[in-house]
Structures are given as C-alpha cells and as structure tokens.
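With CSV, C-alpha atoms inside, this is target.csv:
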chain,number,residue,atom,x,y,z
A,176,MET,CA,37.8,-25.1,-21.2
A,177,LYS,CA,37.5,-21.6,-19.9
A,178,LYS,CA,37.6,-20.2,-23.4
A,179,LEU,CA,34.7,-22.5,-24.3
A,180,PHE,CA,32.8,-21.2,-21.3
A,181,ILE,CA,33.3,-17.6,-22.2
A,182,ILE,CA,32.2,-18.2,-25.8
A,183,GLY,CA,29.2,-20.1,-24.5
A,184,LEU,CA,28.1,-17.1,-22.4
A,185,LEU,CA,28.3,-14.9,-25.4
A,186,THR,CA,26.3,-17.3,-27.5
A,187,VAL,CA,23.5,-17.4,-24.8
A,188,THR,CA,23.5,-13.6,-24.6
A,189,LEU,CA,23.1,-13.2,-28.3
A,190,LEU,CA,20.3,-15.8,-28.5
A,191,LEU,CA,18.3,-14.2,-25.6
A,192,PRO,CA,15.9,-12.2,-28.0
A,193,CYS,CA,15.0,-15.5,-29.7
A,194,PHE,CA,13.6,-17.0,-26.5
A,195,ALA,CA,11.8,-13.8,-25.3
A,196,GLN,CA,8.3,-14.9,-26.3
A,197,GLN,CA,8.8,-18.4,-24.8
A,198,SER,CA,10.1,-16.8,-21.6
A,199,ASP,CA,7.0,-14.6,-21.4
A,200,ALA,CA,4.7,-17.6,-21.8
A,201,ASP,CA,6.6,-19.4,-19.1
A,202,LYS,CA,6.2,-16.4,-16.8
A,203,GLU,CA,2.4,-16.4,-17.4
A,204,VAL,CA,2.2,-20.0,-16.5
A,205,ALA,CA,4.2,-19.3,-13.3
A,206,ARG,CA,2.0,-16.4,-12.4
A,207,THR,CA,-1.1,-18.6,-12.7
A,208,GLN,CA,0.3,-21.6,-10.8
A,209,GLU,CA,1.7,-19.5,-7.9
A,210,PHE,CA,-1.5,-17.5,-7.6
A,211,ILE,CA,-3.6,-20.7,-7.2
A,212,GLN,CA,-1.1,-22.0,-4.7
A,213,ALA,CA,-1.3,-18.8,-2.7
A,214,THR,CA,-5.1,-18.9,-2.5
A,215,GLN,CA,-5.1,-22.6,-1.4
A,216,GLN,CA,-3.2,-22.0,1.8
A,217,LYS,CA,-5.1,-23.2,4.8
A,218,THR,CA,-5.3,-20.1,7.0
A,219,PRO,CA,-5.9,-16.4,6.3
A,220,GLU,CA,-2.5,-15.6,7.8
A,221,ALA,CA,-0.8,-18.1,5.4
A,222,ARG,CA,-2.8,-16.8,2.4
A,223,ILE,CA,-1.9,-13.2,3.2
A,224,GLY,CA,1.8,-14.0,3.4
A,225,ALA,CA,1.7,-16.0,0.2
A,226,LEU,CA,-0.3,-13.3,-1.7
A,227,GLN,CA,2.0,-10.5,-0.5
A,228,ALA,CA,5.0,-12.5,-1.7
A,229,TYR,CA,3.2,-13.1,-5.0
A,230,ILE,CA,2.6,-9.3,-5.5
A,231,LYS,CA,6.3,-8.7,-4.7
A,232,LYS,CA,7.4,-11.3,-7.3
A,233,PHE,CA,4.8,-10.3,-9.9
A,234,PRO,CA,4.2,-6.6,-9.4
A,235,ASP,CA,2.7,-5.8,-12.9
A,236,THR,CA,-0.8,-4.5,-12.0
A,237,THR,CA,-1.9,-4.8,-15.6
A,238,LYS,CA,-1.9,-8.6,-15.2
A,239,ARG,CA,-5.1,-10.4,-14.2
A,240,TRP,CA,-3.6,-12.6,-11.5
A,241,THR,CA,-1.8,-9.7,-9.8
A,242,ILE,CA,-5.0,-7.7,-9.7
A,243,LEU,CA,-6.8,-10.7,-8.2
A,244,ALA,CA,-4.0,-11.1,-5.6
A,245,TYR,CA,-4.9,-7.6,-4.3
A,246,TYR,CA,-8.6,-8.6,-4.3
A,247,GLN,CA,-7.8,-11.8,-2.4
A,248,LEU,CA,-5.8,-9.8,0.2
A,249,ALA,CA,-8.8,-7.6,0.8
A,250,VAL,CA,-10.9,-10.8,1.3
A,251,ASN,CA,-8.5,-12.3,3.7
A,252,PHE,CA,-7.9,-9.2,5.7
A,253,ILE,CA,-11.7,-8.7,6.2
A,254,GLN,CA,-11.7,-12.3,7.6
A,255,LYS,CA,-9.1,-11.2,10.1
A,256,LYS,CA,-11.1,-8.0,10.9
A,257,ASP,CA,-8.2,-5.9,9.9
A,258,TYR,CA,-10.5,-3.4,8.2
A,259,GLY,CA,-7.8,-0.8,7.4
A,260,LYS,CA,-5.7,-3.3,5.4
A,261,SER,CA,-8.8,-4.7,3.7
A,262,ALA,CA,-9.8,-1.3,2.5
A,263,GLU,CA,-6.3,-0.5,1.4
A,264,TYR,CA,-6.0,-3.6,-0.8
A,265,GLY,CA,-9.6,-3.5,-1.9
A,266,GLU,CA,-9.2,0.1,-3.2
A,267,GLN,CA,-6.1,-0.9,-5.0
A,268,ALA,CA,-7.9,-3.9,-6.7
A,269,MET,CA,-10.7,-1.5,-7.7
A,270,THR,CA,-8.2,1.0,-9.2
A,271,TYR,CA,-6.3,-1.7,-11.1
A,272,GLY,CA,-9.6,-3.1,-12.5
A,273,VAL,CA,-10.8,-6.2,-10.8
A,274,PRO,CA,-12.6,-8.6,-13.2
A,275,THR,CA,-16.3,-8.0,-13.7
A,276,GLY,CA,-17.3,-11.2,-12.0
A,277,GLU,CA,-15.7,-10.1,-8.7
A,278,GLN,CA,-16.8,-6.4,-8.7
A,279,ALA,CA,-20.0,-7.0,-6.7
A,280,ARG,CA,-18.2,-9.0,-4.0
A,281,LEU,CA,-15.3,-6.4,-3.9
A,282,ASN,CA,-17.8,-3.6,-3.3
A,283,LEU,CA,-19.4,-5.7,-0.5
A,284,ILE,CA,-16.0,-6.1,1.1
A,285,LEU,CA,-15.3,-2.4,0.9
A,286,SER,CA,-18.7,-1.5,2.3
A,287,GLU,CA,-17.9,-3.8,5.3
A,288,ALA,CA,-14.4,-2.4,5.8
A,289,TYR,CA,-15.7,1.2,5.8
A,290,GLY,CA,-18.9,0.4,7.7
A,291,VAL,CA,-17.4,-0.9,11.0
A,292,LYS,CA,-17.8,2.0,13.3
A,293,ASP,CA,-14.9,1.1,15.6
A,294,SER,CA,-12.5,0.9,12.7
A,295,PRO,CA,-10.1,3.8,12.1
A,296,VAL,CA,-11.1,3.8,8.5
A,297,TYR,CA,-14.8,4.1,9.2
A,298,ASN,CA,-16.5,6.2,6.6
A,299,LYS,CA,-20.3,6.0,6.3
A,300,THR,CA,-20.4,7.7,2.9
A,301,LYS,CA,-18.0,5.3,1.4
A,302,ALA,CA,-19.6,2.3,3.1
A,303,LEU,CA,-23.1,3.2,1.7
A,304,LYS,CA,-21.7,3.9,-1.8
A,305,HIS,CA,-20.1,0.5,-2.0
A,306,ALA,CA,-23.1,-1.3,-0.4
A,307,GLU,CA,-25.4,0.3,-3.0
A,308,LYS,CA,-23.0,-0.6,-5.8
A,309,ALA,CA,-22.8,-4.2,-4.6
A,310,ILE,CA,-26.6,-4.4,-4.6
A,311,GLU,CA,-26.7,-3.0,-8.1
A,312,LEU,CA,-24.1,-5.4,-9.5
A,313,ALA,CA,-25.2,-8.6,-7.6
A,314,THR,CA,-28.2,-9.3,-9.9
A,315,ASP,CA,-27.4,-13.0,-9.9
A,316,ASP,CA,-25.8,-13.4,-6.5
A,317,ALA,CA,-28.4,-13.3,-3.7
A,318,GLN,CA,-25.8,-13.9,-1.0
A,319,VAL,CA,-23.9,-10.8,-1.9
A,320,ARG,CA,-27.0,-8.7,-2.5
A,321,ASN,CA,-28.5,-9.7,0.9
A,322,ALA,CA,-25.3,-9.0,2.8
A,323,ALA,CA,-25.0,-5.6,1.1
A,324,GLN,CA,-28.6,-4.7,1.9
A,325,LYS,CA,-28.0,-5.6,5.6
A,326,ILE,CA,-25.0,-3.3,5.8
A,327,LYS,CA,-27.0,-0.5,4.1
A,328,LYS,CA,-29.9,-1.0,6.5
A,329,GLY,CA,-27.5,-0.8,9.5
A,330,LEU,CA,-26.0,2.4,8.3
A,331,THR,CA,-29.4,4.2,7.7
A,332,VAL,CA,-31.2,3.6,11.1
A,333,PRO,CA,-33.5,6.5,11.8
A,334,PRO,CA,-32.9,8.6,14.9
A,335,PRO,CA,-34.9,7.6,18.1
A,336,PRO,CA,-37.8,10.0,19.1
A,337,LYS,CA,-35.8,11.2,22.2
A,338,GLU,CA,-32.1,11.5,22.5
A,339,THR,CA,-29.6,12.5,25.2
A,340,PRO,CA,-27.0,15.0,24.2
A,341,GLU,CA,-24.4,12.2,24.1
A,342,GLN,CA,-26.7,10.1,21.9
A,343,LYS,CA,-27.4,13.0,19.5
A,344,MET,CA,-23.7,13.8,19.1
A,345,LYS,CA,-22.9,10.2,18.3
A,346,ARG,CA,-25.7,9.9,15.9
A,347,LEU,CA,-24.8,13.1,14.0
A,348,VAL,CA,-21.1,12.1,13.7
A,349,LEU,CA,-21.1,8.3,13.6
A,350,GLN,CA,-24.4,7.6,11.8
A,351,ASP,CA,-25.4,10.6,9.8
A,352,GLU,CA,-21.9,12.0,9.3
A,353,ASP,CA,-23.4,15.5,9.5
A,354,PHE,CA,-20.3,17.0,11.0
A,355,ASN,CA,-21.2,20.6,10.7
A,356,SER,CA,-24.5,20.0,12.5
A,357,ALA,CA,-22.6,18.1,15.2
A,358,ILE,CA,-20.2,21.1,15.7
A,359,SER,CA,-23.1,23.5,15.8
A,360,TYR,CA,-25.0,21.4,18.3
A,361,PHE,CA,-22.0,21.0,20.6
A,362,ASN,CA,-21.7,24.8,20.7
A,363,THR,CA,-25.3,25.0,22.1
A,364,LEU,CA,-24.6,22.6,25.0
A,365,GLY,CA,-24.0,23.6,28.6
A,366,ALA,CA,-20.7,23.3,30.3
A,367,ALA,CA,-21.5,20.0,32.0
A,368,ASP,CA,-22.3,18.3,28.7
A,369,LYS,CA,-19.3,19.8,27.0
A,370,GLU,CA,-17.1,18.2,29.7
A,371,ASN,CA,-18.6,14.8,29.1
A,372,PRO,CA,-15.6,12.8,27.7
A,373,VAL,CA,-17.6,10.9,25.1
A,374,ILE,CA,-19.3,14.1,23.8
A,375,TYR,CA,-15.9,15.9,23.8
A,376,GLU,CA,-14.2,13.1,21.8
A,377,THR,CA,-17.1,12.9,19.4
A,378,TYR,CA,-16.8,16.7,18.9
A,379,ALA,CA,-13.1,16.3,18.2
A,380,SER,CA,-14.0,13.6,15.6
A,381,ALA,CA,-16.5,16.0,13.9
A,382,LEU,CA,-13.8,18.7,13.7
A,383,PHE,CA,-11.3,16.3,12.2
A,384,LYS,CA,-13.7,14.8,9.6
A,385,SER,CA,-14.9,18.3,8.6
A,386,GLY,CA,-11.3,19.3,7.9
A,387,LYS,CA,-10.9,21.6,10.9
A,388,PHE,CA,-7.5,20.1,11.8
A,389,ASP,CA,-6.1,22.8,14.0
A,390,GLN,CA,-9.0,22.7,16.4
A,391,ALA,CA,-9.1,18.9,16.3
A,392,ILE,CA,-5.4,18.7,17.1
A,393,SER,CA,-5.8,21.0,20.1
A,394,ILE,CA,-8.5,18.7,21.5
A,395,TYR,CA,-6.8,15.5,20.7
A,396,GLU,CA,-3.6,16.7,22.3
A,397,THR,CA,-5.5,17.5,25.5
A,398,LEU,CA,-7.3,14.2,25.5
A,399,TYR,CA,-4.1,12.3,24.8
A,400,LYS,CA,-2.3,14.0,27.7
A,401,SER,CA,-5.1,13.0,30.1
A,402,GLU,CA,-5.4,9.3,28.8
A,403,LYS,CA,-3.2,7.6,26.3
A,404,LYS,CA,-5.5,5.5,24.0
A,405,GLY,CA,-4.8,4.0,20.7
A,406,ILE,CA,-7.7,5.6,18.9
A,407,THR,CA,-6.8,9.1,20.2
A,408,ALA,CA,-3.2,8.6,19.1
A,409,TYR,CA,-4.4,7.5,15.7
A,410,ARG,CA,-6.7,10.4,15.3
A,411,LEU,CA,-3.9,12.8,16.3
A,412,ALA,CA,-1.6,11.1,13.8
A,413,GLU,CA,-4.2,11.5,11.1
A,414,SER,CA,-4.6,15.2,11.9
A,415,TYR,CA,-0.9,15.8,11.8
A,416,ALA,CA,-0.7,13.9,8.5
A,417,ALA,CA,-3.4,16.1,7.0
A,418,LYS,CA,-1.6,19.2,8.1
A,419,ALA,CA,1.6,17.8,6.6
A,420,ASN,CA,0.1,18.1,3.1
A,421,LYS,CA,0.8,21.8,3.4
A,422,VAL,CA,3.3,22.1,6.3
A,423,LYS,CA,6.1,19.5,5.9
A,424,SER,CA,7.2,19.9,9.6
A,425,PHE,CA,4.1,18.0,10.7
A,426,ASN,CA,5.4,14.8,9.0
A,427,ASP,CA,7.7,13.9,11.9
A,428,LYS,CA,4.8,14.4,14.4
A,429,ALA,CA,2.5,12.2,12.3
A,430,VAL,CA,5.1,9.4,12.0
A,431,ARG,CA,5.7,9.4,15.8
A,432,MET,CA,2.0,9.4,16.6
A,433,TYR,CA,1.2,6.6,14.2
A,434,ILE,CA,3.9,4.5,15.9
A,435,GLU,CA,2.5,5.4,19.4
A,436,ALA,CA,-1.0,4.5,18.1
A,437,GLY,CA,0.3,1.1,16.9
A,438,SER,CA,2.0,0.4,20.2
A,439,LEU,CA,-1.1,1.3,22.2
A,440,TYR,CA,-3.4,-0.7,19.8
A,441,GLU,CA,-1.0,-3.7,20.4
A,442,THR,CA,-1.3,-3.3,24.1
A,443,GLU,CA,-5.1,-3.0,23.9
A,444,GLY,CA,-5.3,-6.1,21.7
A,445,SER,CA,-6.7,-4.2,18.7
A,446,GLY,CA,-6.5,-5.5,15.2
A,447,ASN,CA,-5.7,-2.0,14.0
A,448,GLN,CA,-2.1,-2.1,15.2
A,449,LYS,CA,-0.7,-3.1,11.8
A,450,THR,CA,-2.7,-0.4,10.0
A,451,ALA,CA,-1.3,2.3,12.3
A,452,ILE,CA,2.3,1.1,11.9
A,453,ALA,CA,1.9,0.8,8.1
A,454,LYS,CA,0.6,4.3,7.9
A,455,GLY,CA,3.5,5.6,10.0
A,456,LYS,CA,6.0,4.0,7.6
A,457,ARG,CA,4.2,5.4,4.6
A,458,GLN,CA,4.2,8.8,6.2
A,459,LEU,CA,8.0,8.6,6.6
A,460,PHE,CA,8.3,7.8,2.9
A,461,ILE,CA,6.0,10.8,2.1
A,462,LYS,CA,8.4,13.0,4.1
A,463,TYR,CA,11.2,12.1,1.8
A,464,ASP,CA,9.0,12.5,-1.4
A,465,TYR,CA,9.8,8.8,-2.2
A,466,PHE,CA,6.4,8.2,-3.9
A,467,SER,CA,6.8,11.2,-6.1
A,468,LYS,CA,10.2,10.0,-7.2
A,469,MET,CA,8.9,6.5,-7.8
A,470,GLU,CA,6.0,7.8,-9.9
A,471,ALA,CA,8.4,9.9,-12.0
A,472,TYR,CA,10.7,6.9,-12.5
A,473,ASN,CA,7.7,4.7,-13.5
A,474,GLU,CA,6.6,7.3,-16.1
A,475,LYS,CA,10.1,7.4,-17.6
A,476,LEU,CA,10.1,3.6,-17.6
A,477,LYS,CA,6.8,3.4,-19.5
A,478,LYS,CA,8.1,5.8,-22.1
A,479,ASN,CA,11.2,3.8,-22.6
A,480,GLN,CA,9.4,0.5,-22.8
A,481,SER,CA,7.0,1.9,-25.4
A,482,SER,CA,10.0,2.8,-27.6
A,483,ALA,CA,12.6,0.1,-26.9
A,484,SER,CA,13.8,0.3,-30.5
A,485,LYS,CA,15.6,3.5,-29.5
A,486,ASN,CA,18.0,1.4,-27.5
A,487,GLU,CA,19.3,-0.5,-30.6
A,488,ALA,CA,22.5,1.7,-30.8
A,489,ALA,CA,23.1,1.4,-27.1
A,490,ILE,CA,22.6,-2.4,-27.3
A,491,ALA,CA,25.1,-2.7,-30.1
A,492,GLN,CA,27.6,-0.6,-28.2
A,493,VAL,CA,27.4,-2.7,-25.0
A,494,LYS,CA,27.6,-5.9,-27.1
A,495,ARG,CA,30.9,-4.6,-28.6
A,496,GLU,CA,32.1,-3.8,-25.1
A,497,LEU,CA,31.2,-7.4,-24.0
A,498,ARG,CA,33.0,-8.9,-27.0
A,499,LYS,CA,36.0,-6.7,-26.3
A,500,HIS,CA,36.1,-7.7,-22.6
A,501,GLN,CA,35.8,-11.4,-23.4
A,502,ARG,CA,38.7,-11.1,-25.9
A,503,HIS,CA,40.7,-9.4,-23.1
A,504,MET,CA,40.0,-12.3,-20.8
A,505,ARG,CA,41.0,-14.9,-23.3
A,506,ASN,CA,44.2,-13.1,-24.3
A,507,THR,CA,45.2,-12.0,-20.7
A,508,TYR,CA,44.4,-15.1,-18.8
A,509,GLU,CA,45.2,-17.9,-21.3
A,510,GLY,CA,45.7,-21.1,-19.5
A,511,ILE,CA,44.9,-19.7,-16.0
A,512,GLU,CA,41.7,-18.8,-14.1
A,513,PRO,CA,40.7,-15.1,-14.5
A,514,PRO,CA,40.1,-13.2,-11.2
A,515,GLN,CA,36.5,-12.8,-10.0
A,516,TYR,CA,36.3,-9.1,-10.8
A,517,GLU,CA,36.7,-10.0,-14.5
A,518,TYR,CA,33.7,-12.3,-14.4
A,519,ASP,CA,31.7,-9.7,-12.4
A,520,LYS,CA,32.3,-7.1,-15.2
A,521,GLU,CA,31.3,-9.7,-17.8
A,522,ALA,CA,28.0,-10.4,-15.9
A,523,GLU,CA,27.3,-6.7,-15.5
A,524,LEU,CA,27.6,-6.1,-19.3
A,525,GLU,CA,25.3,-9.1,-20.0
A,526,LYS,CA,22.8,-7.7,-17.5
A,527,LYS,CA,23.0,-4.2,-19.1
A,528,ILE,CA,22.2,-5.8,-22.5
A,529,GLN,CA,19.1,-7.6,-21.1
A,530,MET,CA,17.9,-4.3,-19.5
A,531,LEU,CA,18.3,-2.4,-22.7
A,532,GLN,CA,16.5,-5.1,-24.7
A,533,SER,CA,13.6,-4.7,-22.3
A,534,GLY,CA,13.3,-1.0,-23.1
A,535,GLY,CA,15.3,0.4,-20.1
A,536,SER,CA,18.4,2.7,-20.2
A,537,ALA,CA,21.6,3.1,-18.3
A,538,ASP,CA,20.3,6.3,-16.6
A,539,LEU,CA,17.1,4.5,-15.5
A,540,THR,CA,19.1,1.6,-14.1
A,541,THR,CA,21.1,4.0,-12.0
A,542,GLU,CA,17.9,5.8,-10.9
A,543,ARG,CA,16.2,2.5,-10.0
A,544,ASP,CA,19.2,1.4,-8.0
A,545,GLU,CA,19.2,4.8,-6.1
A,546,LEU,CA,15.5,4.4,-5.4
A,547,LYS,CA,16.1,0.9,-4.0
A,548,LYS,CA,18.9,2.3,-1.8
A,549,GLU,CA,16.6,5.0,-0.6
A,550,GLU,CA,13.8,2.6,0.2
A,551,THR,CA,16.2,0.5,2.3
A,552,ARG,CA,17.5,3.6,4.1
A,553,ILE,CA,14.0,4.9,4.9
A,554,SER,CA,12.8,1.5,6.0
A,555,LYS,CA,15.8,1.2,8.4
A,556,GLU,CA,15.2,4.7,9.7
A,557,PHE,CA,11.5,3.7,10.4
A,558,ASP,CA,12.5,0.5,12.2
A,559,ASP,CA,15.0,2.4,14.4
A,560,LEU,CA,12.3,5.0,15.1
A,561,VAL,CA,9.8,2.3,16.2
A,562,LYS,CA,12.3,0.9,18.7
A,563,LYS,CA,13.1,4.4,20.0
A,564,VAL,CA,9.5,5.5,20.4
A,565,LYS,CA,8.5,2.2,22.1
A,566,ALA,CA,11.4,2.6,24.5
A,567,GLU,CA,10.3,6.1,25.4
A,568,MET,CA,6.6,5.3,25.9

Could you write out this structure as structure tokens?
Amino acid sequence: MKKLFIIGLLTVTLLLPCFAQQSDADKEVARTQEFIQATQQKTPEARIGALQAYIKKFPDTTKRWTILAYYQLAVNFIQKKDYGKSAEYGEQAMTYGVPTGEQARLNLILSEAYGVKDSPVYNKTKALKHAEKAIELATDDAQVRNAAQKIKKGLTVPPPPKETPEQKMKRLVLQDEDFNSAISYFNTLGAADKENPVIYETYASALFKSGKFDQAISIYETLYKSEKKGITAYRLAESYAAKANKVKSFNDKAVRMYIEAGSLYETEGSGNQKTAIAKGKRQLFIKYDYFSKMEAYNEKLKKNQSSASKNEAAIAQVKRELRKHQRHMRNTYEGIEPPQYEYDKEAELEKKIQMLQSGGSADLTTERDELKKEETRISKEFDDLVKKVKAEM
C-alpha cells in the first residue's frame, strides 16, 4: 500500500504542469470571491481586517483585485479618521494603478487625508494637488467634484485684514505652507512673542517642513522636555528619521520616538497612534536595510520568472533525485513504515520542483527563507522594544 502511495505522489508531481492553467483560473476566481467578501463586511474595522488578510494572501500588485484592496483600505481608513493609514494605502493604490473609474474618488480620499490640519501627514500642497485632480477627473460625478471643490476652498482661504503674530505664523505654516516666510517673520518678533508656546511650536514646524532638521530637533527636544505630547514626539521622530537618511545612528532615536508618540497618542485618544507605531516599525526595518534587500530579491525573482525555461536542467536533476529517493524508500523499507524524515525529504524535493517550475531557483529559495527569518527577527525586536519603551515612560 505504501508503494502505491509513493508512486501516486510521483505521478501527481509529474502531472503538475498539465494543471497549471486550470490552477491559475481557480486562483483568479478565488481572488474575486474573497475580495467581494472582504468588502461586504459590516464595519470598517471588519473590512480593514479582511482586506489586509486579502493582500497578504494575494500580494501580486499587478492584479486588479489586489490593487482595489489597497484602494478600499484607503476608503475604510478615511472613514475611521486614520488619515496616515488612508494616505499610505491610497498612495500605494495610486502607484499600482487603480482602475480609471476609481481615480477621481481616490484623489478625493488623498486630498482629505492630506488636508486635515491636525493630522501628522498634513500636507497642503499634496491636498490641493489631489483635490484639483479629483475635480478634473470627476466630470460625471457631481458628488466627488463638489466634495473636492469644498476641500480646495477650505485650503485656499485668504488671510484676514488684521492678524496677531500667532495668527500670522499659523497662516504662513498651516495654510500657505510658506515656511521660509514664516521663519523670516519669526526672527522679526520680539522676545515675548517668541516665547509664546504656540508661535514657538509653529516655528519648529516651519523649520522641519523646510528641511532644517538640526534646528527643528533642538526646538522639539526642548518642547518635549517641558511637556510630553504625542504630536511633539511624532515631529521629533520624523526629524530623527529624516536625519537617519544620511546618519544611520539616528535610526534608533527615530524608532524610540515613534513608539513614544504612539503611546502618547493612545493616552490622548488620538487616532494617529497606529500610524506612529507603524512608522516606528518601518524605521527599524530601514535600520537593517530590509527593504533594500527585499527589493533586490524581487528584482532577481522577476528576472527568473521571465526566463523559467532556464530551469529545465535543474528541474530534470531534482526529478531524478526524487525518483532515486523514492526507490530508496521502496527498497529500504519494504513492508514497513518509513520514518518521518524520509517523507519530509520527499516533500522537500517535490516543493523544489514546483518552485523551479514557477521560475525560481534554489539560491532564491534560500534568500527568500533568510528574508522571512529576518522579518520575524526584526518584528520581534520591535515588539520587545515597544514593551521596554512603554515601561520606561
């Protein structure tokens, strides 16, 4: 009976290429059905969970339904007022190529995500760009067009005839995004106005947004020592992260401050807690050059998949190894049950054949496994760091 089972496994392995097209068709049906199920969940939280699971299961961003899953995540996060996550998924959907029929609404979503002034991802320039694009594309959708026009109008309010120094600083930075003018204006103020906490924080924001990170860090560190607030910790983390692009030692500071920002946001009841924590985790991956390694791996994988025929010799070799191992099992364990490790080796050889038939290579399999191990290690390091930082706060 065991002999028949072993021969059956070999037969299935050899027939795998014959069913490849049918398998691809089945996968496409599964992609469609699971996407529809994910979008039909009753609450934004449930839809977000289902859509994130969908992307993990179907990660190919050349597929329509995966791209639409990113788009739907942007929609659902905007409903939860998590503007950072909405912008993140919306930008990804835009990069991957959201279908034409959804482009106007996606631009509207991005204009809202970037246009909320209390959001850590607030960016007036981006908000206006996406609002104008939504207006341009929404020729047959009055609802989208009117909403985009409302956002645009809110971002282009003219200055009042008379302003206090605090009002002018806030207008220059938050409304006009004229950071250099704001910095110049701050330098003309008297000592009393410069000590105004709101003016001082707005000045720090102007320094950060104009790329003067060293000066911004100095002010944010002073502000954070005097009062620990989520937004201050977040701006300090962003400043450290910007510095880390050139000086790697700032990565650790950035990760820690993102975690502190997330913890403070949680205490304050802010919806930006998840964004801060997610950015902290991403920063730790950046520290270890994980994304560069993943990008290099994906490039190799693309090259291999485009020339899968090069693996024919390797496939033939592994098939010979499989047949040899199965003969060994039949001859060595005739009439008795082979130990588990023999079955494990057989399964590993079958898996290698399937991988080679898909265009991979043994070296790439090892590289992929190493990347997965590194992902697990970095994720654990981050989780441990979150616990440590929270205990110290």

Next on the checklist: Which residues are close to segment 280-287 of chain A, i.e. within 7 Å by all atoms listed in the file, leaving aside same-chain residues fewer than 5 positions away? Reply as JSON, numbers by chain.
Outcome noted: {"A": [250, 262, 265, 301, 302, 303, 305, 306, 308, 309, 319, 323]}

Checklist entry - Between A:Lys403, A:Lys255, A:Arg495, A:Lys423, which is the closest to Ala288 of chain A once you count all atoms listed in the file? => result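 Looking at the shortest contact to Ala288 of chain A, the residue is A:Lys255.
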
For segment 343-411 of chain A against segment 433-443 of chain A, with a cut-off of 10 Å and counting only C-alpha atoms, what is the closest atom pair and its distance in Å to one decimal for every residue that makes the cut, ordered by chain and number, as CSV?
residue,atom,partner,partner_atom,distance
A:Lys403,CA,A:Leu439,CA,7.8
A:Lys404,CA,A:Leu439,CA,6.3
A:Gly405,CA,A:Ala436,CA,4.6
A:Ile406,CA,A:Ala436,CA,6.8
A:Thr407,CA,A:Ala436,CA,7.7
A:Ala408,CA,A:Ala436,CA,4.8
A:Tyr409,CA,A:Ala436,CA,5.1
A:Arg410,CA,A:Ala436,CA,8.7
A:Leu411,CA,A:Tyr433,CA,8.3

Show me a table, sorted first by chain and then by increasing residue number, of the residues of segment 373-444 of chain A having an atom at most 12 Å from segment 463-476 of chain A, each with its shortest atom pair and the distance in Å to one decimal, counting only C-alpha atoms and written as a tab-separated table.
residue	atom	partner	partner_atom	distance
A:Asn420	CA	A:Asp464	CA	11.4
A:Lys423	CA	A:Tyr463	CA	9.9
A:Ser424	CA	A:Tyr463	CA	11.7
A:Asn426	CA	A:Tyr463	CA	9.6
A:Asp427	CA	A:Tyr463	CA	10.8

Checklist entry - How many Å lie between atom CA of Lys292 of chain A and atom CA of Leu364 of chain A, rounded to one decimal? => result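 Interatomic distance here is 24.6 Å.
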
Completion step: segment 283-297 of chain A with N, CA and C atoms as a JSON list (two decimals), keeping the file's coordinate frame:
[["chain", "number", "residue", "atom", "x", "y", "z"],
["A", 283, "LEU", "N", -18.87, -5.22, -1.82],
["A", 283, "LEU", "CA", -19.40, -5.70, -0.50],
["A", 283, "LEU", "C", -18.28, -5.64, 0.54],
["A", 284, "ILE", "N", -17.09, -6.11, 0.19],
["A", 284, "ILE", "CA", -16.00, -6.10, 1.10],
["A", 284, "ILE", "C", -15.62, -4.69, 1.54],
["A", 285, "LEU", "N", -15.59, -3.77, 0.58],
["A", 285, "LEU", "CA", -15.30, -2.40, 0.90],
["A", 285, "LEU", "C", -16.35, -1.74, 1.76],
["A", 286, "SER", "N", -17.60, -2.10, 1.50],
["A", 286, "SER", "CA", -18.70, -1.50, 2.30],
["A", 286, "SER", "C", -18.56, -2.01, 3.77],
["A", 287, "GLU", "N", -18.13, -3.26, 3.95],
["A", 287, "GLU", "CA", -17.90, -3.80, 5.30],
["A", 287, "GLU", "C", -16.72, -3.12, 5.97],
["A", 288, "ALA", "N", -15.62, -2.98, 5.22],
["A", 288, "ALA", "CA", -14.40, -2.40, 5.80],
["A", 288, "ALA", "C", -14.65, -0.96, 6.25],
["A", 289, "TYR", "N", -15.38, -0.19, 5.44],
["A", 289, "TYR", "CA", -15.70, 1.20, 5.80],
["A", 289, "TYR", "C", -16.84, 1.34, 6.75],
["A", 290, "GLY", "N", -17.65, 0.29, 6.88],
["A", 290, "GLY", "CA", -18.90, 0.40, 7.70],
["A", 290, "GLY", "C", -18.78, -0.03, 9.10],
["A", 291, "VAL", "N", -17.60, -0.50, 9.56],
["A", 291, "VAL", "CA", -17.40, -0.90, 11.00],
["A", 291, "VAL", "C", -17.07, 0.35, 11.77],
["A", 292, "LYS", "N", -17.92, 0.74, 12.68],
["A", 292, "LYS", "CA", -17.80, 2.00, 13.30],
["A", 292, "LYS", "C", -16.59, 2.15, 14.27],
["A", 293, "ASP", "N", -16.08, 1.04, 14.77],
["A", 293, "ASP", "CA", -14.90, 1.10, 15.60],
["A", 293, "ASP", "C", -13.60, 1.09, 14.85],
["A", 294, "SER", "N", -13.71, 0.99, 13.54],
["A", 294, "SER", "CA", -12.50, 0.90, 12.70],
["A", 294, "SER", "C", -11.96, 2.35, 12.45],
["A", 295, "PRO", "N", -10.64, 2.52, 12.42],
["A", 295, "PRO", "CA", -10.10, 3.80, 12.10],
["A", 295, "PRO", "C", -10.34, 4.33, 10.73],
["A", 296, "VAL", "N", -10.77, 3.41, 9.83],
["A", 296, "VAL", "CA", -11.10, 3.80, 8.50],
["A", 296, "VAL", "C", -12.58, 3.95, 8.24],
["A", 297, "TYR", "N", -13.34, 3.97, 9.33],
["A", 297, "TYR", "CA", -14.80, 4.10, 9.20],
["A", 297, "TYR", "C", -15.18, 5.31, 8.40]]
